[in-house]
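Structure file start-v3.cif with mmCIF, C-alpha atoms (C1' of nucleotides):
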```cif
data_query
loop_
_atom_site.label_atom_id
_atom_site.label_comp_id
_atom_site.auth_asym_id
_atom_site.auth_seq_id
_atom_site.Cartn_x
_atom_site.Cartn_y
_atom_site.Cartn_z
CA MET A 1 0.00 0.00 0.00
CA GLY A 2 0.99 3.66 -0.15
CA GLU A 3 3.84 4.91 -2.26
CA THR A 4 5.61 2.04 -3.89
CA ALA A 5 8.74 2.65 -5.94
CA THR A 6 6.87 2.07 -9.18
CA ARG A 7 4.24 4.53 -8.17
CA ARG A 8 6.78 7.16 -7.28
CA HIS A 9 8.38 6.76 -10.66
CA GLY A 10 5.02 7.12 -12.33
CA ARG A 11 4.21 10.29 -10.48
CA ALA A 12 7.58 11.68 -11.50
CA SER A 13 6.78 11.07 -15.15
CA ARG A 14 3.45 12.72 -14.71
CA ARG A 15 5.02 15.74 -13.12
CA ALA A 16 7.61 15.97 -15.88
CA PHE A 17 4.88 16.03 -18.52
CA VAL A 18 3.02 18.80 -16.75
CA GLU A 19 6.10 20.91 -16.26
CA ALA A 20 7.28 20.53 -19.83
CA THR A 21 3.84 21.42 -21.10
CA GLY A 22 3.70 24.49 -18.90
CA ALA A 23 7.04 25.73 -20.17
CA LEU A 24 6.05 25.21 -23.80
CA LEU A 25 2.68 26.89 -23.36
CA ARG A 26 4.46 29.96 -22.03
CA ARG A 27 6.69 30.19 -25.06
CA GLN A 28 4.50 29.25 -27.98
CA GLY A 29 1.00 28.48 -26.82
CA TYR A 30 -1.25 25.50 -27.32
CA ALA A 31 -1.59 24.89 -31.02
CA ALA A 32 2.08 25.25 -31.81
CA THR A 33 3.09 22.78 -29.13
CA GLY A 34 3.22 19.20 -30.34
CA LEU A 35 2.96 16.09 -28.23
CA SER A 36 6.31 14.88 -29.49
CA GLU A 37 7.81 18.16 -28.38
CA ILE A 38 6.32 17.74 -24.94
CA VAL A 39 7.58 14.20 -24.66
CA ALA A 40 11.07 15.20 -25.78
CA ALA A 41 11.22 18.14 -23.36
CA SER A 42 9.94 16.12 -20.44
CA GLY A 43 12.38 13.27 -20.82
CA ALA A 44 9.56 10.94 -19.81
CA PRO A 45 8.57 7.96 -21.94
CA ARG A 46 6.01 8.57 -24.64
CA GLY A 47 4.18 5.39 -23.84
CA SER A 48 3.25 6.86 -20.48
CA LEU A 49 1.54 9.94 -21.80
CA TYR A 50 -1.85 8.44 -22.41
CA PHE A 51 -1.63 6.42 -19.24
CA HIS A 52 -1.37 9.55 -17.12
CA PHE A 53 -3.48 11.75 -19.37
CA PRO A 54 -6.16 9.73 -21.17
CA GLY A 55 -7.69 13.00 -22.25
CA GLY A 56 -4.62 13.70 -24.34
CA LYS A 57 -3.29 17.13 -25.16
CA ARG A 58 -6.31 18.95 -23.76
CA GLU A 59 -6.11 17.33 -20.34
CA LEU A 60 -2.39 17.93 -20.24
CA ALA A 61 -2.86 21.60 -21.01
CA VAL A 62 -5.51 21.95 -18.33
CA ALA A 63 -3.18 20.40 -15.75
CA ALA A 64 -0.31 22.64 -16.79
CA MET A 65 -2.43 25.77 -16.69
CA GLU A 66 -3.76 24.89 -13.28
CA GLN A 67 -0.31 24.25 -11.92
CA THR A 68 1.31 27.45 -13.12
CA GLY A 69 -1.89 29.28 -12.22
CA GLU A 70 -1.68 28.11 -8.65
CA GLN A 71 2.01 29.00 -8.42
CA LEU A 72 1.30 32.51 -9.56
CA ARG A 73 -1.70 32.83 -7.27
CA ALA A 74 0.47 31.93 -4.30
CA ALA A 75 3.10 34.41 -5.41
CA ILE A 76 0.51 37.17 -5.69
CA ALA A 77 -0.91 36.34 -2.28
CA ALA A 78 2.53 36.42 -0.69
CA LEU A 79 3.41 39.74 -2.30
CA MET A 80 0.15 41.42 -1.41
CA ALA A 81 0.59 40.39 2.20
CA GLY A 82 3.85 42.32 2.32
CA PRO A 83 4.27 45.76 3.87
CA GLY A 84 3.31 49.05 2.23
CA GLY A 85 -0.20 48.38 1.03
CA PRO A 86 -1.47 47.23 -2.39
CA ALA A 87 0.29 49.94 -4.39
CA ALA A 88 3.74 49.06 -3.12
CA SER A 89 3.07 45.35 -3.53
CA LEU A 90 1.97 45.82 -7.11
CA GLY A 91 5.16 47.69 -7.82
CA VAL A 92 7.16 44.72 -6.61
CA LEU A 93 5.01 42.31 -8.61
CA ILE A 94 5.47 44.25 -11.83
CA ASP A 95 9.20 44.49 -11.25
CA ALA A 96 9.36 40.75 -10.81
CA LEU A 97 7.43 40.15 -14.03
CA ALA A 98 9.72 42.52 -15.90
CA ALA A 99 12.78 40.78 -14.55
CA GLY A 100 11.38 37.38 -15.53
CA LEU A 101 10.63 38.55 -19.04
CA GLU A 102 14.06 40.04 -19.52
CA SER A 103 15.92 37.08 -18.13
CA SER A 104 14.19 34.72 -20.54
CA GLY A 105 14.99 36.93 -23.50
CA TYR A 106 11.29 37.83 -23.78
CA ARG A 107 10.44 34.24 -24.56
CA ASP A 108 8.38 33.28 -21.55
CA GLY A 109 5.07 35.06 -21.19
CA CYS A 110 1.81 34.33 -19.42
CA PRO A 111 0.61 30.90 -20.53
CA ILE A 112 -2.97 31.58 -19.51
CA ALA A 113 -3.23 34.65 -21.71
CA THR A 114 -1.79 32.88 -24.71
CA VAL A 115 -4.01 29.85 -24.42
CA THR A 116 -7.03 32.08 -23.89
CA LEU A 117 -6.54 33.97 -27.11
CA GLU A 118 -5.89 30.81 -29.09
CA THR A 119 -8.67 28.64 -27.81
CA ALA A 120 -11.39 30.87 -26.36
CA SER A 121 -13.50 30.29 -29.42
CA SER A 122 -12.83 26.63 -30.08
CA VAL A 123 -11.80 24.56 -27.06
CA GLU A 124 -14.21 25.09 -24.19
CA PRO A 125 -12.35 23.25 -21.43
CA LEU A 126 -9.28 25.40 -21.95
CA ARG A 127 -11.26 28.60 -21.96
CA GLU A 128 -12.98 27.55 -18.74
CA THR A 129 -9.68 26.73 -17.12
CA ALA A 130 -8.27 30.09 -18.12
CA ALA A 131 -11.28 31.89 -16.67
CA ARG A 132 -10.94 29.92 -13.43
CA VAL A 133 -7.25 30.70 -13.07
CA PHE A 134 -7.75 34.37 -13.79
CA GLY A 135 -10.47 34.25 -11.18
CA THR A 136 -8.09 33.04 -8.49
CA TRP A 137 -5.68 35.85 -9.24
CA LEU A 138 -8.46 38.40 -9.16
CA GLU A 139 -9.60 37.13 -5.79
CA GLU A 140 -6.19 37.76 -4.28
CA LEU A 141 -6.06 41.27 -5.68
CA GLU A 142 -9.60 42.00 -4.52
CA ARG A 143 -8.92 40.85 -1.02
CA ALA A 144 -5.87 43.09 -0.72
CA LEU A 145 -7.81 46.06 -2.06
CA ARG A 146 -10.70 45.46 0.33
CA GLU A 147 -8.29 45.23 3.23
CA ASP A 148 -6.99 48.57 2.11
CA GLY A 149 -10.43 50.10 2.56
CA LEU A 150 -12.25 49.70 -0.73
CA ASP A 151 -15.81 48.38 -0.80
CA ALA A 152 -16.55 45.14 -2.63
CA ASP A 153 -17.65 46.68 -5.92
CA ALA A 154 -14.76 49.09 -6.15
CA ALA A 155 -12.30 46.36 -5.24
CA ALA A 156 -13.64 44.04 -7.92
CA ARG A 157 -13.50 46.78 -10.53
CA ARG A 158 -10.02 47.82 -9.59
CA ALA A 159 -8.73 44.27 -9.53
CA LEU A 160 -9.96 43.77 -13.09
CA PHE A 161 -8.28 47.01 -14.07
CA VAL A 162 -4.97 46.09 -12.51
CA LEU A 163 -4.83 42.59 -13.99
CA SER A 164 -5.86 43.89 -17.40
CA ALA A 165 -3.12 46.49 -17.41
CA ILE A 166 -0.50 43.97 -16.40
CA GLU A 167 -1.52 41.33 -18.92
CA GLY A 168 -1.66 43.92 -21.68
CA ALA A 169 1.75 45.26 -20.76
CA LEU A 170 3.17 41.75 -20.99
CA ILE A 171 1.94 41.50 -24.56
CA LEU A 172 3.37 44.84 -25.61
CA ALA A 173 6.64 44.07 -23.86
CA ARG A 174 7.05 40.80 -25.72
CA ALA A 175 6.22 42.39 -29.07
CA ARG A 176 8.71 45.21 -28.59
CA ARG A 177 11.29 43.29 -26.62
CA ASP A 178 11.56 45.94 -23.96
CA THR A 179 10.11 46.54 -20.54
CA ALA A 180 8.85 50.06 -21.20
CA PRO A 181 5.19 48.98 -21.20
CA LEU A 182 5.59 47.39 -17.79
CA ALA A 183 7.39 50.46 -16.47
CA ALA A 184 4.64 52.70 -17.80
CA VAL A 185 1.92 50.56 -16.28
CA ARG A 186 3.76 50.47 -13.02
CA ALA A 187 4.11 54.23 -12.84
CA GLU A 188 0.58 55.07 -13.93
CA LEU A 189 -1.00 52.36 -11.82
CA LEU A 190 0.75 53.50 -8.66
CA ALA A 191 -0.34 57.06 -9.35
CA ALA A 192 -3.92 55.98 -9.93
CA LEU A 193 -4.05 53.89 -6.76
CA ALA A 194 -2.74 56.67 -4.54
CA MET B 195 -1.66 48.67 -69.89
CA GLY B 196 -2.88 49.20 -66.33
CA GLU B 197 -5.69 47.15 -64.87
CA THR B 198 -6.52 44.32 -67.21
CA ALA B 199 -9.36 41.94 -66.45
CA THR B 200 -6.98 39.15 -65.53
CA ARG B 201 -5.11 41.42 -63.20
CA ARG B 202 -8.27 42.58 -61.49
CA HIS B 203 -9.24 39.00 -60.88
CA GLY B 204 -5.82 38.24 -59.47
CA ARG B 205 -5.98 41.14 -57.08
CA ALA B 206 -9.38 39.96 -55.93
CA SER B 207 -7.97 36.55 -55.08
CA ARG B 208 -5.14 38.17 -53.21
CA ARG B 209 -7.52 40.31 -51.23
CA ALA B 210 -9.69 37.32 -50.41
CA PHE B 211 -6.68 35.45 -49.02
CA VAL B 212 -5.69 38.37 -46.83
CA GLU B 213 -9.17 38.90 -45.50
CA ALA B 214 -9.75 35.24 -44.73
CA THR B 215 -6.40 35.06 -42.97
CA GLY B 216 -7.21 38.12 -40.91
CA ALA B 217 -10.50 36.68 -39.77
CA LEU B 218 -8.93 33.36 -38.81
CA LEU B 219 -6.05 35.00 -36.94
CA ARG B 220 -8.58 36.87 -34.84
CA ARG B 221 -10.35 33.69 -33.85
CA GLN B 222 -7.64 31.14 -33.38
CA GLY B 223 -4.26 32.67 -34.01
CA TYR B 224 -1.41 31.68 -36.26
CA ALA B 225 -0.45 28.12 -35.45
CA ALA B 226 -3.98 26.76 -35.36
CA THR B 227 -4.83 28.23 -38.74
CA GLY B 228 -4.05 25.91 -41.63
CA LEU B 229 -3.47 26.90 -45.22
CA SER B 230 -6.30 24.66 -46.37
CA GLU B 231 -8.57 26.45 -43.94
CA ILE B 232 -7.52 29.80 -45.35
CA VAL B 233 -8.07 28.63 -48.90
CA ALA B 234 -11.50 27.23 -48.07
CA ALA B 235 -12.58 30.38 -46.24
CA SER B 236 -11.35 32.69 -48.97
CA GLY B 237 -13.08 30.91 -51.80
CA ALA B 238 -10.02 31.64 -53.92
CA PRO B 239 -8.14 28.90 -55.78
CA ARG B 240 -5.41 27.12 -53.90
CA GLY B 241 -3.11 27.22 -56.85
CA SER B 242 -2.98 30.98 -56.54
CA LEU B 243 -1.76 31.09 -52.99
CA TYR B 244 1.94 30.75 -53.66
CA PHE B 245 1.68 32.97 -56.68
CA HIS B 246 0.49 35.88 -54.61
CA PHE B 247 2.41 34.96 -51.46
CA PRO B 248 5.66 33.19 -52.33
CA GLY B 249 6.65 33.58 -48.68
CA GLY B 250 3.81 31.23 -47.72
CA LYS B 251 1.96 31.35 -44.47
CA ARG B 252 4.32 33.85 -42.87
CA GLU B 253 3.96 36.41 -45.62
CA LEU B 254 0.21 35.96 -45.63
CA ALA B 255 0.04 36.54 -41.90
CA VAL B 256 2.16 39.67 -42.16
CA ALA B 257 -0.13 41.06 -44.84
CA ALA B 258 -3.24 40.27 -42.80
CA MET B 259 -1.81 41.81 -39.64
CA GLU B 260 -0.81 44.95 -41.50
CA GLN B 261 -4.23 45.29 -43.06
CA THR B 262 -6.28 44.92 -39.90
CA GLY B 263 -3.66 46.99 -38.08
CA GLU B 264 -4.12 49.86 -40.48
CA GLN B 265 -7.91 49.62 -40.24
CA LEU B 266 -7.75 49.85 -36.49
CA ARG B 267 -5.22 52.67 -36.61
CA ALA B 268 -7.56 54.68 -38.80
CA ALA B 269 -10.46 53.96 -36.48
CA ILE B 270 -8.47 55.12 -33.47
CA ALA B 271 -7.39 58.27 -35.27
CA ALA B 272 -10.97 59.08 -36.25
CA LEU B 273 -12.25 58.51 -32.74
CA MET B 274 -9.55 60.53 -31.04
CA ALA B 275 -10.27 63.43 -33.35
CA GLY B 276 -13.83 63.50 -32.09
CA PRO B 277 -15.14 66.00 -29.54
CA GLY B 278 -14.68 65.77 -25.78
CA GLY B 279 -10.97 65.13 -25.46
CA PRO B 280 -9.03 61.86 -25.12
CA ALA B 281 -10.98 60.55 -22.15
CA ALA B 282 -14.34 60.75 -23.88
CA SER B 283 -12.88 59.28 -27.08
CA LEU B 284 -11.40 56.35 -25.20
CA GLY B 285 -14.78 55.66 -23.67
CA VAL B 286 -16.29 55.41 -27.11
CA LEU B 287 -13.44 53.21 -28.32
CA ILE B 288 -13.82 50.78 -25.45
CA ASP B 289 -17.58 50.64 -25.93
CA ALA B 290 -17.04 49.79 -29.58
CA LEU B 291 -14.62 47.01 -28.70
CA ALA B 292 -17.04 45.58 -26.16
CA ALA B 293 -19.86 45.66 -28.68
CA GLY B 294 -17.69 43.92 -31.26
CA LEU B 295 -16.69 41.21 -28.83
CA GLU B 296 -20.24 40.57 -27.75
CA SER B 297 -21.66 40.51 -31.25
CA SER B 298 -19.17 37.85 -32.32
CA GLY B 299 -19.97 35.68 -29.33
CA TYR B 300 -16.53 36.46 -27.89
CA ARG B 301 -14.89 34.74 -30.81
CA ASP B 302 -13.09 37.62 -32.48
CA GLY B 303 -10.31 39.20 -30.50
CA CYS B 304 -7.26 41.24 -31.36
CA PRO B 305 -5.25 39.34 -33.96
CA ILE B 306 -2.06 41.23 -33.19
CA ALA B 307 -2.10 40.26 -29.54
CA THR B 308 -2.73 36.61 -30.30
CA VAL B 309 -0.01 36.33 -32.90
CA THR B 310 2.40 38.16 -30.61
CA LEU B 311 1.99 35.72 -27.78
CA GLU B 312 2.26 32.71 -30.07
CA THR B 313 5.22 33.76 -32.14
CA ALA B 314 7.20 36.37 -30.21
CA SER B 315 9.79 33.77 -29.35
CA SER B 316 9.96 31.82 -32.59
CA VAL B 317 8.96 33.71 -35.74
CA GLU B 318 10.80 37.03 -35.94
CA PRO B 319 8.97 38.59 -38.89
CA LEU B 320 5.65 38.21 -37.16
CA ARG B 321 6.93 39.65 -33.92
CA GLU B 322 8.36 42.62 -35.80
CA THR B 323 5.08 43.17 -37.60
CA ALA B 324 3.20 43.09 -34.33
CA ALA B 325 5.56 45.61 -32.78
CA ARG B 326 5.18 47.88 -35.81
CA VAL B 327 1.38 47.73 -35.73
CA PHE B 328 1.22 48.38 -32.00
CA GLY B 329 3.54 51.31 -32.67
CA THR B 330 1.10 52.91 -35.09
CA TRP B 331 -1.69 52.65 -32.55
CA LEU B 332 0.48 54.12 -29.84
CA GLU B 333 1.37 57.04 -32.09
CA GLU B 334 -2.27 57.95 -32.51
CA LEU B 335 -2.90 57.80 -28.78
CA GLU B 336 0.21 59.79 -28.03
CA ARG B 337 -0.70 62.52 -30.44
CA ALA B 338 -4.15 62.92 -28.92
CA LEU B 339 -2.67 63.06 -25.43
CA ARG B 340 -0.09 65.65 -26.44
CA GLU B 341 -2.77 67.76 -28.03
CA ASP B 342 -4.55 67.57 -24.72
CA GLY B 343 -1.60 69.18 -23.00
CA LEU B 344 0.72 66.38 -21.92
CA ASP B 345 4.42 66.59 -22.62
CA ALA B 346 6.05 63.99 -24.85
CA ASP B 347 7.27 61.67 -22.09
CA ALA B 348 4.02 61.68 -20.18
CA ALA B 349 2.04 61.11 -23.37
CA ALA B 350 4.19 58.14 -24.36
CA ARG B 351 3.88 56.62 -20.93
CA ARG B 352 0.16 57.16 -20.79
CA ALA B 353 -0.39 55.74 -24.27
CA LEU B 354 1.40 52.56 -23.27
CA PHE B 355 -0.73 52.39 -20.17
CA VAL B 356 -3.98 52.86 -22.04
CA LEU B 357 -3.21 50.32 -24.75
CA SER B 358 -2.00 47.80 -22.18
CA ALA B 359 -5.17 48.09 -20.16
CA ILE B 360 -7.36 47.68 -23.22
CA GLU B 361 -5.48 44.68 -24.61
CA GLY B 362 -5.49 43.01 -21.22
CA ALA B 363 -9.19 43.61 -20.79
CA LEU B 364 -9.83 41.97 -24.14
CA ILE B 365 -8.08 38.84 -22.91
CA LEU B 366 -10.00 38.67 -19.67
CA ALA B 367 -13.26 39.39 -21.45
CA ARG B 368 -12.74 36.50 -23.87
CA ALA B 369 -11.79 34.11 -21.08
CA ARG B 370 -14.83 34.99 -19.00
CA ARG B 371 -17.21 35.65 -21.82
CA ASP B 372 -18.38 38.91 -20.37
CA THR B 373 -17.57 42.55 -20.85
CA ALA B 374 -16.97 43.37 -17.18
CA PRO B 375 -13.21 43.73 -17.66
CA LEU B 376 -13.75 46.27 -20.42
CA ALA B 377 -16.30 48.15 -18.33
CA ALA B 378 -13.90 48.21 -15.38
CA VAL B 379 -11.03 49.45 -17.52
CA ARG B 380 -13.26 52.07 -19.04
CA ALA B 381 -14.38 53.41 -15.68
CA GLU B 382 -10.97 53.37 -14.02
CA LEU B 383 -9.20 54.74 -17.06
CA LEU B 384 -11.55 57.68 -17.39
CA ALA B 385 -11.14 58.43 -13.70
CA ALA B 386 -7.35 58.26 -13.99
CA LEU B 387 -7.24 60.53 -17.03
CA ALA B 388 -9.40 63.24 -15.46
"C1'" DT C 389 6.72 -18.40 -6.59
"C1'" DC C 390 3.15 -16.69 -8.80
"C1'" DG C 391 -0.34 -13.63 -10.24
"C1'" DT C 392 -1.38 -8.77 -10.21
"C1'" DC C 393 -0.90 -4.09 -11.04
"C1'" DG C 394 1.44 0.35 -12.24
"C1'" DC C 395 3.91 1.82 -15.67
"C1'" DT C 396 6.66 1.86 -20.02
"C1'" DA C 397 8.40 0.45 -24.83
"C1'" DG C 398 7.84 1.71 -29.30
"C1'" DA C 399 5.75 0.59 -33.49
"C1'" DC C 400 1.87 2.11 -35.81
"C1'" DC C 401 -2.56 4.71 -37.52
"C1'" DG C 402 -5.00 7.93 -40.83
"C1'" DA C 403 -5.19 12.77 -41.30
"C1'" DT C 404 -3.38 16.98 -41.99
"C1'" DC C 405 0.46 20.03 -42.10
"C1'" DG C 406 3.10 23.74 -45.09
"C1'" DG C 407 4.97 23.75 -49.47
"C1'" DT C 408 6.13 22.54 -54.56
"C1'" DA C 409 5.81 21.07 -59.42
"C1'" DT C 410 4.05 21.26 -63.98
"C1'" DA C 411 0.76 22.11 -67.17
"C1'" DA C 412 -3.12 24.45 -68.61
"C1'" DT C 413 -6.09 28.65 -69.23
"C1'" DA C 414 -7.15 33.30 -70.23
"C1'" DA C 415 -6.37 37.72 -71.70
"C1'" DG C 416 -3.44 41.50 -73.84
"C1'" DC C 417 -0.07 43.04 -77.39
"C1'" DC C 418 1.83 42.91 -81.96
"C1'" DG D 419 -2.99 34.62 -86.20
"C1'" DG D 420 1.33 33.83 -82.82
"C1'" DC D 421 3.89 35.43 -78.35
"C1'" DT D 422 4.01 36.99 -73.78
"C1'" DT D 423 2.42 37.48 -69.28
"C1'" DA D 424 -0.74 36.82 -65.39
"C1'" DT D 425 -3.30 33.61 -63.12
"C1'" DT D 426 -5.18 29.09 -61.91
"C1'" DA D 427 -5.68 23.78 -61.68
"C1'" DT D 428 -4.34 19.81 -59.50
"C1'" DA D 429 -1.63 16.29 -58.21
"C1'" DC D 430 1.87 15.53 -55.20
"C1'" DC D 431 5.80 15.77 -51.57
"C1'" DG D 432 7.91 14.38 -46.99
"C1'" DA D 433 7.06 15.55 -42.33
"C1'" DT D 434 4.48 15.88 -38.51
"C1'" DC D 435 0.14 15.96 -36.25
"C1'" DG D 436 -2.72 13.82 -32.11
"C1'" DG D 437 -3.82 9.43 -30.82
"C1'" DT D 438 -3.92 4.11 -30.30
"C1'" DC D 439 -2.31 -0.51 -29.75
"C1'" DT D 440 -0.19 -4.64 -27.74
"C1'" DA D 441 3.53 -6.68 -25.55
"C1'" DG D 442 6.18 -6.56 -21.69
"C1'" DC D 443 8.92 -4.83 -17.65
"C1'" DG D 444 9.63 -4.44 -12.61
"C1'" DA D 445 8.08 -4.27 -8.16
"C1'" DC D 446 4.65 -5.72 -5.00
"C1'" DG D 447 1.25 -8.67 -1.94
"C1'" DA D 448 -0.14 -13.22 -0.92
#
```

Just give me the structure of the file as structure tokens.
Amino acid sequence: MGETATRRHGRASRRAFVEATGALLRRQGYAATGLSEIVAASGAPRGSLYFHFPGGKRELAVAAMEQTGEQLRAAIAALMAGPGGPAASLGVLIDALAAGLESSGYRDGCPIATVTLETASSVEPLRETAARVFGTWLEELERALREDGLDADAAARRALFVLSAIEGALILARARRDTAPLAAVRAELLAALA
Amino acid sequence: MGETATRRHGRASRRAFVEATGALLRRQGYAATGLSEIVAASGAPRGSLYFHFPGGKRELAVAAMEQTGEQLRAAIAALMAGPGGPAASLGVLIDALAAGLESSGYRDGCPIATVTLETASSVEPLRETAARVFGTWLEELERALREDGLDADAAARRALFVLSAIEGALILARARRDTAPLAAVRAELLAALA
DNA sequence: TCGTCGCTAGACCGATCGGTATAATAAGCC
DNA sequence: GGCTTATTATACCGATCGGTCTAGCGACGA
């Protein structure tokens, strides 16, 4: 019973698939990412793919989106709990995103945004997953804004505004290969929140 | 000399390819759009594709992005020239985008954003085209903001902020299938610009 | 020791991918 | 009428796509 060696090995393969998929979704999105590419990047055996993910590519993408979504949600929560109120925390968040973009040579963006734009009109489960993940991020932002004194409606509206600005800046930054859009959003957002 | 009947027909085929590609890029992006799909949607003969676009899919995508980019640039310019200053004009622009999204059942988004996220790290010509098109939009916004009294730096920063917020809201709106993100951006943006 | 179960090997499937080749058609010019 | 040029028809290419199949491995409980 419990974790046998075989089982541990299996879970490791599963995890490798999910992580490889997440990384590829960040760089090139859903449609451009082939199963062979995922298998190669993961190092796990191809024969195992449909054992762990009978739903195929779709199920794999959902798992990857949920994983990176949860990581980012936790990061947001941790940052917003820091000192200085929401404005200061958002500044740190945007700086971190800019640093991540730059250090990957503008290759790694937000996987949720990419998959949304590609599949919102054709692959329902992926669109639903994207909406759910965005929802968890919005909740964290809302909570911080409410704790800062905003009422529920205002907090919800402002959270949408903040996330929109950040996601949009990530697009512009990748297109131009510079962080100016993030810097602009950072500056204007902090001014608007004051 | 000049426009012969054959030539006119050829140009029509070319235009049909570009328009079909543009529509498909809006819905599903670059990688998910096949050449056969483009040919079928355009109604033009497949044999003509590589006559008009020797560069293949890439060249076709560049042409489509430039065309829809120019259309949107002109629309932005016309709106910003309207009465009431930049804030009022942006309100109208965002309303128009929301109406467009809704009327297509949240299928048609911004083709430039989608292609950017998919190809920024792998297909240079498309990334460059996206950056160029975004640049033309930013120029229009900047000009309107300068005419409203902002200095060059502030106008550039604010234009980046505005475009980021709008592009991000389009993503969230498509994921959630509602226009709340656009409404939130509209409200907060107008307040920030006042 | 033997059957069972979790997992993997890897060959294989039809379909579609982006792209190319060659010949025909259609119109304009002389 | 012949000659050129623009455009289209269609068959075809190898590669890759997402997905499936069956045989078997290795560790476990009884």

Worksheet item: Which residues come within 9 Å of Phe355 of chain B, counting only C-alpha atoms (C1' of nucleotides), excluding same-chain residues fewer than 4 positions away, as an MDAnalysis selection string?
Response: (chainID A and resid 165 168:169 181:182 184:189) or (chainID B and resid 350:351 359:360)

Discussion item. My list of candidates is B:Arg371, B:Arg240, B:Arg321, B:Lys251. Which is closest to chain A when distances are computed with all atoms listed in the file?
Written reply: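 The shortest atom-to-atom distance to chain A comes from B:Arg321.
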
Practice prompt. Evaluate the PyMOL selection byres ((chain C and resi 390-403) around 6) on the structure here and hand back the selected residues as a list of chain:residue names.
Written response: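 When the PyMOL selection byres ((chain C and resi 390-403) around 6) is applied, the selected residues are A:Gly47, C:DT389, C:DT404.
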
Mind telling me what the PyMOL selection byres ((chain B and resi 239) around 10) catches here, as a compact mmCIF listing (two decimals) with C-alpha atoms (C1' of nucleotides), in the frame of the given file?
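Heads up, here's the output in result-v8.txt:
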```
# COMPACT_ATOMS: atom_id res chain seq x y z
CA SER B 207 -7.97 36.55 -55.08
CA PHE B 211 -6.68 35.45 -49.02
CA VAL B 233 -8.07 28.63 -48.90
CA ALA B 234 -11.50 27.23 -48.07
CA SER B 236 -11.35 32.69 -48.97
CA GLY B 237 -13.08 30.91 -51.80
CA ALA B 238 -10.02 31.64 -53.92
CA ARG B 240 -5.41 27.12 -53.90
CA GLY B 241 -3.11 27.22 -56.85
CA SER B 242 -2.98 30.98 -56.54
CA LEU B 243 -1.76 31.09 -52.99
C1' DT D 425 -3.30 33.61 -63.12
C1' DT D 426 -5.18 29.09 -61.91
C1' DA D 427 -5.68 23.78 -61.68
```

Practice prompt. List, as a PyMOL selection string, every residue that the PyMOL selection byres ((chain B and resi 221) around 6) selects in the file provided.
Written response: chain B and resi 218-220+222+301-302

Grab the residues selected above and save them as an mmCIF file, in the coordinates of the input with C-alpha atoms.
```cif
data_model
loop_
_atom_site.group_PDB
_atom_site.id
_atom_site.type_symbol
_atom_site.label_atom_id
_atom_site.label_comp_id
_atom_site.auth_asym_id
_atom_site.auth_seq_id
_atom_site.Cartn_x
_atom_site.Cartn_y
_atom_site.Cartn_z
ATOM 1 C CA LEU B 218 -8.930 33.360 -38.810
ATOM 2 C CA LEU B 219 -6.050 35.000 -36.940
ATOM 3 C CA ARG B 220 -8.580 36.870 -34.840
ATOM 4 C CA GLN B 222 -7.640 31.140 -33.380
ATOM 5 C CA ARG B 301 -14.890 34.740 -30.810
ATOM 6 C CA ASP B 302 -13.090 37.620 -32.480
#
```

Could segment 368-377 of chain B be completed with N, CA and C atoms and written as a PDB file, in the coordinates of the input, please?
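See part_21.pdb below for the written result:
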```pdb
ATOM      1  N   ARG B 368     -12.547  37.716 -23.076  1.00  0.00           N
ATOM      2  CA  ARG B 368     -12.740  36.500 -23.870  1.00  0.00           C
ATOM      3  C   ARG B 368     -12.701  35.260 -22.985  1.00  0.00           C
ATOM      4  N   ALA B 369     -11.856  35.267 -21.970  1.00  0.00           N
ATOM      5  CA  ALA B 369     -11.790  34.110 -21.080  1.00  0.00           C
ATOM      6  C   ALA B 369     -13.094  33.953 -20.304  1.00  0.00           C
ATOM      7  N   ARG B 370     -13.637  35.045 -19.845  1.00  0.00           N
ATOM      8  CA  ARG B 370     -14.830  34.990 -19.000  1.00  0.00           C
ATOM      9  C   ARG B 370     -16.124  35.055 -19.773  1.00  0.00           C
ATOM     10  N   ARG B 371     -16.015  35.437 -21.015  1.00  0.00           N
ATOM     11  CA  ARG B 371     -17.210  35.650 -21.820  1.00  0.00           C
ATOM     12  C   ARG B 371     -18.132  36.694 -21.204  1.00  0.00           C
ATOM     13  N   ASP B 372     -17.555  37.768 -20.735  1.00  0.00           N
ATOM     14  CA  ASP B 372     -18.380  38.910 -20.370  1.00  0.00           C
ATOM     15  C   ASP B 372     -17.572  40.182 -20.508  1.00  0.00           C
ATOM     16  N   THR B 373     -18.255  41.298 -20.558  1.00  0.00           N
ATOM     17  CA  THR B 373     -17.570  42.550 -20.850  1.00  0.00           C
ATOM     18  C   THR B 373     -17.165  43.319 -19.594  1.00  0.00           C
ATOM     19  N   ALA B 374     -17.316  42.681 -18.425  1.00  0.00           N
ATOM     20  CA  ALA B 374     -16.970  43.370 -17.180  1.00  0.00           C
ATOM     21  C   ALA B 374     -15.548  43.931 -17.182  1.00  0.00           C
ATOM     22  N   PRO B 375     -14.566  43.172 -17.670  1.00  0.00           N
ATOM     23  CA  PRO B 375     -13.210  43.730 -17.660  1.00  0.00           C
ATOM     24  C   PRO B 375     -13.112  45.024 -18.471  1.00  0.00           C
ATOM     25  N   LEU B 376     -13.785  45.054 -19.612  1.00  0.00           N
ATOM     26  CA  LEU B 376     -13.750  46.270 -20.420  1.00  0.00           C
ATOM     27  C   LEU B 376     -14.456  47.424 -19.711  1.00  0.00           C
ATOM     28  N   ALA B 377     -15.579  47.109 -19.060  1.00  0.00           N
ATOM     29  CA  ALA B 377     -16.300  48.150 -18.330  1.00  0.00           C
ATOM     30  C   ALA B 377     -15.440  48.680 -17.186  1.00  0.00           C
TER      31      ALA B 377
END
```
